[in-house]
Amino acid sequence: MWVIAVGILVPTAVPFAALVIRAAGAGGGAVDVLASARTARLAANTMALVAAVTASAIAVGVATAWLTNRTDLPGRRIWAVTAALPLVIPSYVVALALRSAFGKRGLLTDLTGLGFPTVAGFPGAWLALTIATYPFVHLVASAAFRRMGRSAEEAARGLGASPGRVFRTVVLPALRPSVGAGALLTALYTLSDFGAVSLMRYDAFTRVIYAQYAGRLDRTPATVLAMALVAMAVLLLVAEHRSRGRGAYHTPSAEAPPSPIHLGVRARVAGLSFMALLALISLALPLGVLITWLARGGAVPMPWGAMAGSLAGAALAALLAGAAAIPVSALVVRHHSRATVWVERLSYAIFALPHITVALAVVFFASRYLGSLYQSLIFLVLVYASIFFAQALAAGRAAMLQVGPHLEEASRSLGRGPLATMLRVTVPLVWRGVALGALLVFLTTMKELPATLLLRPTGFDTLAVEIWSAADDLRYARAAVPSLLLVAVSAVPAYLLATRKHDR
Amino acid sequence: MTVEPTPAICCHGLVKRFDGDPVLDRFSLSVSAGTILGLLGPSGSGKTTALRIIAGFERPDSGTVQIAGSTMVGPGRWVPPERRRVGMVFQDYALFPHLSVATNVGYGVPGPGQDARVARVLNLVGLSGAARRYPHELSGGEQQRVALARALAPDPDVVLLDEPFSNLDAPRRDRMRREIRTILVEARATAVFVTHDQEEALAMSDRVAVMRDGRVVQVGEPWEVYTRPGDCWVARFLGEAEFVPGTASGGSVSTALGTFPVPEGVSGPVEVMIRPESVEVLPGGSDAVVVDREFYGHDQLLTLRLADGRRLLSRIGPLPALNPGDAVGIRVREVVAFPASGGHQH
């Protein structure tokens, strides 16, 4: 089991360590890069974007969660779904839709004849990433709202507090741990995002790292910038880890939910317009733009190759990560020790660090030491599985915790050895949970962009790469089909995940 | 010529520490074949750990375990649980939720003859009709009988039961105790069951082993450990008891409550244990006053205050009807004397 635990993480962990050492060894060159005015500007750009997106995602996500869970807003069930749906649209597809819709030669100007301003740079990246991330906050905050019983609020009302004061003094504090976690996730997502910022031509770390890597022979600047990005991510990770430690032990409340707050006419109109506008911008606009481009595109060839590449890469990565997750989660749950804690932390860290930095590390390492294996499909799948392994492990771990250790002991004392016990008792009981995790791996691998760009074998294409290169060249019609395909393929597992979660 | 039969289980000098805290401290126990032994002790006394070491789920730091004459654990020897021929019934039953009752029971007896064996064992536990059902469709008592059938199916050398009745409600518990005992006797199984409930241990076992602080302090038949406890702690742990000081010499002990016979050889200051059922109440007397009465139907427990202020419990039949404040005479039928240094706490 240890072999698998270590094996699944080696393809990314070892190169990453090598990259850190290399960056540290770059000496004076590294200092020059770090101390340059350009790096300072990059850091400022990145931090400004992270702060802006996080703030707006919280504002929007908490508002949608409150409206759909706590009020009698008409159609709140449907609005709850529309607020979560943008999750299936990758950030770079949102960015592509926004860029191609607005501006002097944008679709909207074209259709209406009005002069719409260009959306790009900071405002563009901000808008695109807010649309891509607020659903996280919406889901997390909705779950928190549902967990809250009514007794605390009713007690406060009974003590004479006004509804506004109850919200400030009872509801918000109860919301804080989960929204805090959602905020950190959003920040981390924004920090790591490559697709949206590069399509919006906004100089955040990820975009510049890629440009440095692609355009120069000397790779020191890319390496050093990647390390600076990693340092920022680690700060966020540590903060996130701490906040999880504090907020983790909420027991779901069995209390009856509070009766919904009655909205007056004006509040209803405001709430409905807000939800409708949001759905318009975050769902109708991107999908509408894609469909319009599709209709106008005419004879754009179907990207069968990219489709096959995406499906093959994602399916193989999901299978590999899922298969490895069963023994590794058995190890983590049943043989809990300091070493297993580190396996979990390492997988989580690899998953959470910006993928472009992990991919960069793998490229440097593999091109130097691995020869022919580098830039093969097998290697790409190994790296995918390694990066996204944390998702499968988390699901496997949760499933394994549901299986009491007595079941395995019973099997042992009935004469079955450890392997037979695993196959006949453990696997049948955990595979559904692990399959959900594998589904998540599939979903995220489908959307993955920077690692694919850096590591794909020649001639291997994915939908994400196809979209990115077409949009980068402003050939929007060509990006429409792969974008719609990607959204459609993402929607299937997302739907399965959403309905499964409901069952429990 | 008689040969001492090999015990079904023989543990010797088992020591087990968790994070430095000793849980078992030179635990030794021998169980002869065909016996039902109750391993009784307060929570934290190490009973479950002892059971798990016998089953092979934990390794002792030192000591040996033999089952049916062969060494399972010892210096340089470790037999994994699947090769010990030990059936285990868990507190939570641990039935495989994804398998039917028949498949659960047949799990330990693969190969030809499985169906016949499953049918026989299910018949033994009275669940022949439930073969195709799933664990979640059964009541708690039925689940327990399936767990027992599953443990018995491979015809193990010993069956171990960990707090078998703690998940059942009180009325069902009494019935299940009788049923399980009957099944175990019918299967001629050697069984060890762990419990912290003295009544359960006394009612179900052929022999009781009392555990305290990681070791066995007394083993004997139920009546033996109850009426001849080895020390004050065992005496109190097994049931209600009051203690009065006394002085023993020449085969009798004199106390404030009178003079009683004790075995020869006991002499000097002693603590005298009086069980409530040895205290007879005589209406119309004036030895004591009734302070409180708990009426159970089949009997009643009276709390009495003696003239010197001492408290005494008496368990008698439902009559006479007595009320707090009534004066009664008392007669103590029998007592057990412990040397006064016995170390019990008042």
# chains A, B, ... in the order shown; residues from 1 in each chain; ligands from 1
call {"tool": "interface_residues", "arguments": {"of": "chain B", "to": "chain A", "cutoff": "10 Å", "atoms": "only C-alpha atoms", "output": "PyMOL selection string"}}
result
chain B and resi 52+55-57+80-99+104-110+147+150-154+156
call {"tool": "write_last_selection", "arguments": {"atoms": "N, CA and C atoms", "output": "tab-separated table (two decimals), in the first residue's frame"}}
result
chain	number	residue	atom	x	y	z
B	52	ARG	N	-9.39	-9.13	22.04
B	52	ARG	CA	-8.83	-8.82	20.71
B	52	ARG	C	-7.45	-9.43	20.53
B	55	ALA	N	-8.14	-13.02	19.66
B	55	ALA	CA	-8.63	-13.13	18.28
B	55	ALA	C	-7.53	-12.83	17.26
B	56	GLY	N	-6.50	-12.11	17.67
B	56	GLY	CA	-5.42	-11.79	16.75
B	56	GLY	C	-5.53	-10.42	16.11
B	57	PHE	N	-6.37	-9.54	16.67
B	57	PHE	CA	-6.50	-8.19	16.12
B	57	PHE	C	-5.51	-7.22	16.75
B	80	PRO	N	-1.75	-15.12	12.15
B	80	PRO	CA	-2.73	-14.06	11.83
B	80	PRO	C	-4.16	-14.54	12.14
B	81	PRO	N	-5.09	-13.60	12.31
B	81	PRO	CA	-6.44	-13.97	12.75
B	81	PRO	C	-7.10	-15.00	11.85
B	82	GLU	N	-6.80	-14.92	10.52
B	82	GLU	CA	-7.52	-15.82	9.62
B	82	GLU	C	-7.08	-17.28	9.77
B	83	ARG	N	-6.01	-17.53	10.51
B	83	ARG	CA	-5.60	-18.93	10.68
B	83	ARG	C	-5.71	-19.38	12.14
B	84	ARG	N	-6.58	-18.70	12.92
B	84	ARG	CA	-6.67	-19.07	14.33
B	84	ARG	C	-7.87	-19.94	14.67
B	85	ARG	N	-8.81	-20.06	13.74
B	85	ARG	CA	-10.05	-20.80	14.02
B	85	ARG	C	-10.76	-20.24	15.24
B	86	VAL	N	-10.91	-18.92	15.23
B	86	VAL	CA	-11.59	-18.22	16.31
B	86	VAL	C	-12.79	-17.50	15.71
B	87	GLY	N	-13.97	-17.73	16.23
B	87	GLY	CA	-15.14	-17.00	15.76
B	87	GLY	C	-15.36	-15.79	16.63
B	88	MET	N	-15.69	-14.67	15.98
B	88	MET	CA	-15.83	-13.43	16.76
B	88	MET	C	-17.22	-12.85	16.53
B	89	VAL	N	-17.88	-12.48	17.63
B	89	VAL	CA	-19.15	-11.76	17.53
B	89	VAL	C	-18.91	-10.37	18.10
B	90	PHE	N	-19.07	-9.36	17.23
B	90	PHE	CA	-18.72	-8.01	17.65
B	90	PHE	C	-19.90	-7.33	18.32
B	91	GLN	N	-19.56	-6.33	19.10
B	91	GLN	CA	-20.58	-5.53	19.79
B	91	GLN	C	-21.58	-4.95	18.80
B	92	ASP	N	-21.07	-4.46	17.66
B	92	ASP	CA	-21.97	-3.90	16.64
B	92	ASP	C	-22.33	-4.94	15.58
B	93	TYR	N	-22.09	-6.20	15.87
B	93	TYR	CA	-22.38	-7.37	15.02
B	93	TYR	C	-21.51	-7.42	13.77
B	94	ALA	N	-21.15	-6.26	13.19
B	94	ALA	CA	-20.26	-6.22	12.01
B	94	ALA	C	-20.72	-7.15	10.91
B	95	LEU	N	-22.02	-7.21	10.65
B	95	LEU	CA	-22.50	-7.98	9.51
B	95	LEU	C	-22.14	-7.23	8.24
B	96	PHE	N	-21.77	-7.96	7.18
B	96	PHE	CA	-21.41	-7.30	5.93
B	96	PHE	C	-22.68	-6.75	5.30
B	97	PRO	N	-22.81	-5.43	5.21
B	97	PRO	CA	-24.10	-4.87	4.78
B	97	PRO	C	-24.43	-5.16	3.33
B	98	HIS	N	-23.40	-5.50	2.52
B	98	HIS	CA	-23.66	-5.72	1.10
B	98	HIS	C	-23.97	-7.17	0.80
B	99	LEU	N	-23.99	-8.03	1.81
B	99	LEU	CA	-24.22	-9.45	1.57
B	99	LEU	C	-25.49	-9.89	2.29
B	104	ASN	N	-23.53	-13.90	4.30
B	104	ASN	CA	-22.79	-13.54	5.50
B	104	ASN	C	-22.38	-14.80	6.25
B	105	VAL	N	-23.37	-15.67	6.48
B	105	VAL	CA	-23.10	-16.87	7.28
B	105	VAL	C	-22.14	-17.80	6.54
B	106	GLY	N	-22.27	-17.85	5.20
B	106	GLY	CA	-21.41	-18.74	4.42
B	106	GLY	C	-20.02	-18.18	4.17
B	107	TYR	N	-19.78	-16.93	4.58
B	107	TYR	CA	-18.52	-16.25	4.25
B	107	TYR	C	-17.30	-17.05	4.70
B	108	GLY	N	-17.40	-17.66	5.87
B	108	GLY	CA	-16.23	-18.36	6.42
B	108	GLY	C	-16.14	-19.82	6.03
B	109	VAL	N	-17.14	-20.31	5.23
B	109	VAL	CA	-17.10	-21.72	4.83
B	109	VAL	C	-17.24	-21.85	3.32
B	110	PRO	N	-16.25	-21.34	2.57
B	110	PRO	CA	-16.35	-21.40	1.12
B	110	PRO	C	-16.25	-22.85	0.64
B	147	ALA	N	-25.01	-12.89	13.45
B	147	ALA	CA	-23.58	-12.74	13.75
B	147	ALA	C	-23.05	-13.98	14.45
B	150	ARG	N	-22.81	-16.79	11.90
B	150	ARG	CA	-21.66	-16.61	11.04
B	150	ARG	C	-20.37	-17.05	11.75
B	151	ALA	N	-20.28	-16.70	13.05
B	151	ALA	CA	-19.08	-17.07	13.80
B	151	ALA	C	-19.02	-18.58	14.01
B	152	LEU	N	-20.19	-19.24	14.14
B	152	LEU	CA	-20.19	-20.68	14.41
B	152	LEU	C	-20.00	-21.51	13.14
B	153	ALA	N	-20.35	-20.93	11.99
B	153	ALA	CA	-20.37	-21.71	10.75
B	153	ALA	C	-19.07	-22.46	10.47
B	154	PRO	N	-17.89	-21.85	10.59
B	154	PRO	CA	-16.67	-22.60	10.28
B	154	PRO	C	-16.28	-23.58	11.38
B	156	PRO	N	-15.52	-23.15	14.72
B	156	PRO	CA	-14.26	-22.65	15.29
B	156	PRO	C	-13.92	-23.37	16.60
call {"tool": "residues_around", "arguments": {"residues": "stretch 34-45 of chain B", "least_positions_apart": "6", "cutoff": "7 Å", "atoms": "only C-alpha atoms", "output": "list of chain:residue names"}}
result
B:Arg188, B:Ala189, B:Thr190, B:Ala191, B:Val192, B:Phe193, B:Val194, B:Thr195, B:His196, B:Gln198, B:Ala201, B:Ser205, B:Asp206, B:Arg207, B:Val208, B:Ala209, B:Val210, B:Met211, B:Arg212, B:Asp213, B:Gly214
call {"tool": "residues_around", "arguments": {"residues": "A:Ala451", "least_positions_apart": "5", "cutoff": "10 Å", "atoms": "only C-alpha atoms", "output": "list of chain:residue names"}}
result
A:Pro354, A:His355, A:Ile356, A:Thr357, A:Val358, A:Ala359, A:Leu360, A:Val362, A:Val363, A:Leu380, A:Val383, A:Tyr384, A:Ile387, A:Thr445, A:Arg456
call {"tool": "residues_around", "arguments": {"residues": "A:Ile281", "least_positions_apart": "5", "cutoff": "12 Å", "atoms": "only C-alpha atoms", "output": "list in words"}}
result
Thr82, Ala83, Pro86, Val94, Ala95, Ala97, Leu98, Ala101, Leu127, Ala128, Thr130, Ile131, Ala132, Phe274, Met275, Ala276, Pro286, Leu287, Gly288 and Val289 of chain A
call {"tool": "write_last_selection", "arguments": {"atoms": "N, CA, C and O atoms", "output": "PDB file, in the first residue's frame"}}
result
ATOM      1  N   THR A  82     -29.635  27.753 -10.681  1.00  0.00           N
ATOM      2  CA  THR A  82     -28.956  28.637 -11.641  1.00  0.00           C
ATOM      3  C   THR A  82     -27.730  29.290 -10.998  1.00  0.00           C
ATOM      4  O   THR A  82     -26.760  29.581 -11.682  1.00  0.00           O
ATOM      5  N   ALA A  83     -27.773  29.502  -9.676  1.00  0.00           N
ATOM      6  CA  ALA A  83     -26.618  30.118  -9.020  1.00  0.00           C
ATOM      7  C   ALA A  83     -25.447  29.149  -8.946  1.00  0.00           C
ATOM      8  O   ALA A  83     -24.293  29.572  -8.893  1.00  0.00           O
ATOM      9  N   PRO A  86     -22.982  27.831 -13.004  1.00  0.00           N
ATOM     10  CA  PRO A  86     -21.757  28.304 -13.666  1.00  0.00           C
ATOM     11  C   PRO A  86     -20.531  27.471 -13.326  1.00  0.00           C
ATOM     12  O   PRO A  86     -19.508  27.571 -14.004  1.00  0.00           O
ATOM     13  N   VAL A  94     -15.657  31.341 -19.811  1.00  0.00           N
ATOM     14  CA  VAL A  94     -16.328  32.585 -19.412  1.00  0.00           C
ATOM     15  C   VAL A  94     -15.569  33.771 -19.987  1.00  0.00           C
ATOM     16  O   VAL A  94     -16.153  34.692 -20.577  1.00  0.00           O
ATOM     17  N   ALA A  95     -14.241  33.736 -19.832  1.00  0.00           N
ATOM     18  CA  ALA A  95     -13.413  34.839 -20.316  1.00  0.00           C
ATOM     19  C   ALA A  95     -13.563  35.010 -21.825  1.00  0.00           C
ATOM     20  O   ALA A  95     -13.714  36.136 -22.338  1.00  0.00           O
ATOM     21  N   ALA A  97     -16.081  34.119 -23.648  1.00  0.00           N
ATOM     22  CA  ALA A  97     -17.418  34.625 -23.965  1.00  0.00           C
ATOM     23  C   ALA A  97     -17.492  36.126 -23.721  1.00  0.00           C
ATOM     24  O   ALA A  97     -18.029  36.877 -24.550  1.00  0.00           O
ATOM     25  N   LEU A  98     -16.934  36.571 -22.591  1.00  0.00           N
ATOM     26  CA  LEU A  98     -16.984  38.006 -22.274  1.00  0.00           C
ATOM     27  C   LEU A  98     -16.218  38.817 -23.308  1.00  0.00           C
ATOM     28  O   LEU A  98     -16.694  39.837 -23.811  1.00  0.00           O
ATOM     29  N   ALA A 101     -18.049  38.954 -26.587  1.00  0.00           N
ATOM     30  CA  ALA A 101     -19.370  39.604 -26.584  1.00  0.00           C
ATOM     31  C   ALA A 101     -19.246  41.116 -26.570  1.00  0.00           C
ATOM     32  O   ALA A 101     -20.013  41.825 -27.221  1.00  0.00           O
ATOM     33  N   LEU A 127     -14.267  40.105 -13.581  1.00  0.00           N
ATOM     34  CA  LEU A 127     -15.622  39.650 -13.875  1.00  0.00           C
ATOM     35  C   LEU A 127     -15.636  38.146 -14.172  1.00  0.00           C
ATOM     36  O   LEU A 127     -16.437  37.383 -13.618  1.00  0.00           O
ATOM     37  N   ALA A 128     -14.725  37.719 -15.031  1.00  0.00           N
ATOM     38  CA  ALA A 128     -14.726  36.298 -15.427  1.00  0.00           C
ATOM     39  C   ALA A 128     -14.502  35.400 -14.221  1.00  0.00           C
ATOM     40  O   ALA A 128     -15.186  34.387 -14.036  1.00  0.00           O
ATOM     41  N   THR A 130     -14.957  36.130 -11.037  1.00  0.00           N
ATOM     42  CA  THR A 130     -16.074  36.195 -10.086  1.00  0.00           C
ATOM     43  C   THR A 130     -17.178  35.250 -10.524  1.00  0.00           C
ATOM     44  O   THR A 130     -17.738  34.499  -9.720  1.00  0.00           O
ATOM     45  N   ILE A 131     -17.481  35.262 -11.821  1.00  0.00           N
ATOM     46  CA  ILE A 131     -18.517  34.356 -12.326  1.00  0.00           C
ATOM     47  C   ILE A 131     -18.110  32.903 -12.105  1.00  0.00           C
ATOM     48  O   ILE A 131     -18.924  32.057 -11.741  1.00  0.00           O
ATOM     49  N   ALA A 132     -16.818  32.627 -12.280  1.00  0.00           N
ATOM     50  CA  ALA A 132     -16.368  31.240 -12.147  1.00  0.00           C
ATOM     51  C   ALA A 132     -16.313  30.787 -10.693  1.00  0.00           C
ATOM     52  O   ALA A 132     -16.402  29.590 -10.424  1.00  0.00           O
ATOM     53  N   PHE A 274     -31.950  40.690  -9.095  1.00  0.00           N
ATOM     54  CA  PHE A 274     -30.557  40.309  -8.829  1.00  0.00           C
ATOM     55  C   PHE A 274     -30.283  38.910  -9.359  1.00  0.00           C
ATOM     56  O   PHE A 274     -29.318  38.670 -10.090  1.00  0.00           O
ATOM     57  N   MET A 275     -31.149  37.960  -8.993  1.00  0.00           N
ATOM     58  CA  MET A 275     -30.933  36.577  -9.430  1.00  0.00           C
ATOM     59  C   MET A 275     -31.000  36.476 -10.954  1.00  0.00           C
ATOM     60  O   MET A 275     -30.213  35.748 -11.576  1.00  0.00           O
ATOM     61  N   ALA A 276     -31.941  37.210 -11.550  1.00  0.00           N
ATOM     62  CA  ALA A 276     -32.105  37.136 -12.995  1.00  0.00           C
ATOM     63  C   ALA A 276     -30.893  37.727 -13.713  1.00  0.00           C
ATOM     64  O   ALA A 276     -30.368  37.153 -14.668  1.00  0.00           O
ATOM     65  N   PRO A 286     -22.634  33.571 -21.461  1.00  0.00           N
ATOM     66  CA  PRO A 286     -21.619  32.678 -22.039  1.00  0.00           C
ATOM     67  C   PRO A 286     -22.220  31.659 -23.005  1.00  0.00           C
ATOM     68  O   PRO A 286     -21.701  31.473 -24.116  1.00  0.00           O
ATOM     69  N   LEU A 287     -23.317  31.020 -22.578  1.00  0.00           N
ATOM     70  CA  LEU A 287     -23.895  29.989 -23.439  1.00  0.00           C
ATOM     71  C   LEU A 287     -24.451  30.607 -24.715  1.00  0.00           C
ATOM     72  O   LEU A 287     -24.258  30.070 -25.809  1.00  0.00           O
ATOM     73  N   GLY A 288     -25.107  31.765 -24.571  1.00  0.00           N
ATOM     74  CA  GLY A 288     -25.654  32.438 -25.742  1.00  0.00           C
ATOM     75  C   GLY A 288     -24.564  32.818 -26.731  1.00  0.00           C
ATOM     76  O   GLY A 288     -24.708  32.614 -27.947  1.00  0.00           O
ATOM     77  N   VAL A 289     -23.465  33.347 -26.200  1.00  0.00           N
ATOM     78  CA  VAL A 289     -22.356  33.734 -27.087  1.00  0.00           C
ATOM     79  C   VAL A 289     -21.828  32.524 -27.830  1.00  0.00           C
ATOM     80  O   VAL A 289     -21.612  32.551 -29.047  1.00  0.00           O
TER      81      VAL A 289
END
call {"tool": "select_by_dssp", "arguments": {"residues": "stretch 33-236 of chain B", "states": "strand (DSSP E or B)", "output": "NGL selection string"}}
result
:B and (36-40 or 62-67 or 70-74 or 77-78 or 86-89 or 158-162 or 191-195 or 207-212 or 215-220)
call {"tool": "write_last_selection", "arguments": {"atoms": "N, CA and C atoms", "output": "short mmCIF file (atom, residue, chain, number, x, y, z; two decimals), in the first residue's frame"}}
result
data_model
loop_
_atom_site.label_atom_id
_atom_site.label_comp_id
_atom_site.auth_asym_id
_atom_site.auth_seq_id
_atom_site.Cartn_x
_atom_site.Cartn_y
_atom_site.Cartn_z
N ILE B 36 -18.56 -21.96 28.82
CA ILE B 36 -18.88 -20.56 28.52
C ILE B 36 -18.32 -19.73 29.66
N LEU B 37 -17.36 -18.89 29.32
CA LEU B 37 -16.72 -18.09 30.36
C LEU B 37 -17.08 -16.63 30.18
N GLY B 38 -17.51 -16.01 31.26
CA GLY B 38 -17.79 -14.58 31.24
C GLY B 38 -16.59 -13.82 31.76
N LEU B 39 -16.07 -12.90 30.94
CA LEU B 39 -14.94 -12.08 31.37
C LEU B 39 -15.52 -10.76 31.85
N LEU B 40 -15.55 -10.59 33.15
CA LEU B 40 -16.29 -9.49 33.76
C LEU B 40 -15.33 -8.47 34.35
N SER B 62 4.08 -8.62 25.40
CA SER B 62 4.71 -9.89 25.76
C SER B 62 3.63 -10.82 26.27
N GLY B 63 4.01 -12.09 26.46
CA GLY B 63 3.06 -13.10 26.89
C GLY B 63 2.71 -14.04 25.76
N THR B 64 1.97 -15.10 26.10
CA THR B 64 1.64 -16.11 25.10
C THR B 64 0.14 -16.37 25.09
N VAL B 65 -0.35 -16.79 23.92
CA VAL B 65 -1.72 -17.25 23.76
C VAL B 65 -1.67 -18.59 23.06
N GLN B 66 -2.34 -19.58 23.65
CA GLN B 66 -2.49 -20.86 22.98
C GLN B 66 -3.97 -21.12 22.76
N ILE B 67 -4.28 -21.63 21.57
CA ILE B 67 -5.65 -22.03 21.31
C ILE B 67 -5.64 -23.48 20.90
N SER B 70 -2.23 -25.17 20.37
CA SER B 70 -1.13 -24.64 19.56
C SER B 70 -0.92 -23.15 19.87
N THR B 71 0.33 -22.77 19.84
CA THR B 71 0.69 -21.41 20.22
C THR B 71 0.34 -20.43 19.09
N MET B 72 -0.42 -19.41 19.42
CA MET B 72 -0.81 -18.38 18.45
C MET B 72 0.11 -17.17 18.56
N VAL B 73 0.42 -16.81 19.77
CA VAL B 73 1.32 -15.69 20.02
C VAL B 73 2.33 -16.16 21.04
N GLY B 74 3.55 -15.82 20.81
CA GLY B 74 4.59 -16.17 21.76
C GLY B 74 5.88 -15.66 21.22
N ARG B 77 6.58 -16.04 17.49
CA ARG B 77 5.47 -16.70 16.80
C ARG B 77 4.27 -15.76 16.73
N TRP B 78 3.67 -15.70 15.55
CA TRP B 78 2.48 -14.87 15.35
C TRP B 78 1.60 -15.53 14.31
N VAL B 86 -10.91 -18.92 15.23
CA VAL B 86 -11.59 -18.22 16.31
C VAL B 86 -12.79 -17.50 15.71
N GLY B 87 -13.97 -17.73 16.23
CA GLY B 87 -15.14 -17.00 15.76
C GLY B 87 -15.36 -15.79 16.63
N MET B 88 -15.69 -14.67 15.98
CA MET B 88 -15.83 -13.43 16.76
C MET B 88 -17.22 -12.85 16.53
N VAL B 89 -17.88 -12.48 17.63
CA VAL B 89 -19.15 -11.76 17.53
C VAL B 89 -18.91 -10.37 18.10
N VAL B 158 -12.91 -21.76 19.27
CA VAL B 158 -13.52 -20.94 20.33
C VAL B 158 -14.34 -19.83 19.69
N VAL B 159 -15.34 -19.36 20.42
CA VAL B 159 -16.14 -18.22 19.98
C VAL B 159 -15.93 -17.10 20.99
N LEU B 160 -15.65 -15.91 20.48
CA LEU B 160 -15.46 -14.76 21.36
C LEU B 160 -16.58 -13.77 21.13
N LEU B 161 -17.19 -13.27 22.19
CA LEU B 161 -18.29 -12.31 22.05
C LEU B 161 -17.95 -11.05 22.84
N ASP B 162 -17.92 -9.91 22.13
CA ASP B 162 -17.54 -8.65 22.77
C ASP B 162 -18.79 -7.87 23.17
N ALA B 191 -16.78 -20.72 24.63
CA ALA B 191 -17.05 -19.31 24.36
C ALA B 191 -16.51 -18.44 25.48
N VAL B 192 -16.00 -17.28 25.08
CA VAL B 192 -15.63 -16.25 26.05
C VAL B 192 -16.41 -15.01 25.70
N PHE B 193 -17.16 -14.48 26.64
CA PHE B 193 -17.83 -13.22 26.33
C PHE B 193 -17.46 -12.18 27.36
N VAL B 194 -17.33 -10.96 26.85
CA VAL B 194 -16.89 -9.84 27.66
C VAL B 194 -18.10 -9.05 28.10
N THR B 195 -18.14 -8.66 29.35
CA THR B 195 -19.25 -7.83 29.81
C THR B 195 -18.83 -7.01 31.02
N ARG B 207 -18.42 -20.33 33.94
CA ARG B 207 -17.40 -19.80 34.84
C ARG B 207 -17.27 -18.30 34.60
N VAL B 208 -16.90 -17.58 35.64
CA VAL B 208 -16.73 -16.13 35.54
C VAL B 208 -15.28 -15.81 35.89
N ALA B 209 -14.65 -14.96 35.07
CA ALA B 209 -13.33 -14.44 35.41
C ALA B 209 -13.49 -12.95 35.67
N VAL B 210 -13.12 -12.51 36.86
CA VAL B 210 -13.28 -11.11 37.21
C VAL B 210 -11.96 -10.39 36.95
N MET B 211 -12.05 -9.28 36.19
CA MET B 211 -10.83 -8.54 35.82
C MET B 211 -10.79 -7.20 36.53
N ARG B 212 -9.60 -6.82 36.91
CA ARG B 212 -9.40 -5.49 37.47
C ARG B 212 -8.01 -5.01 37.07
N ARG B 215 -5.72 -7.38 34.85
CA ARG B 215 -5.44 -8.79 35.14
C ARG B 215 -6.65 -9.46 35.76
N VAL B 216 -6.63 -10.80 35.71
CA VAL B 216 -7.75 -11.56 36.28
C VAL B 216 -7.51 -11.69 37.79
N VAL B 217 -8.48 -11.25 38.60
CA VAL B 217 -8.29 -11.34 40.04
C VAL B 217 -8.98 -12.54 40.65
N GLN B 218 -9.99 -13.08 39.97
CA GLN B 218 -10.64 -14.28 40.50
C GLN B 218 -11.35 -15.01 39.38
N VAL B 219 -11.28 -16.35 39.40
CA VAL B 219 -12.02 -17.17 38.44
C VAL B 219 -12.79 -18.21 39.24
N GLY B 220 -14.01 -18.47 38.82
CA GLY B 220 -14.76 -19.51 39.51
C GLY B 220 -16.14 -19.64 38.91
#
call {"tool": "residues_around", "arguments": {"residues": "stretch 327-332 of chain A", "least_positions_apart": "6", "cutoff": "9 Å", "atoms": "only C-alpha atoms", "output": "ChimeraX atom specification"}}
result
/A:1-2,4-5,339-341,343-344,393-400,422,426
call {"tool": "residues_around", "arguments": {"residues": "B:Val262", "least_positions_apart": "6", "cutoff": "8 Å", "atoms": "only C-alpha atoms", "output": "MDAnalysis selection string"}}
result
chainID B and resid 248 251:253 335:337
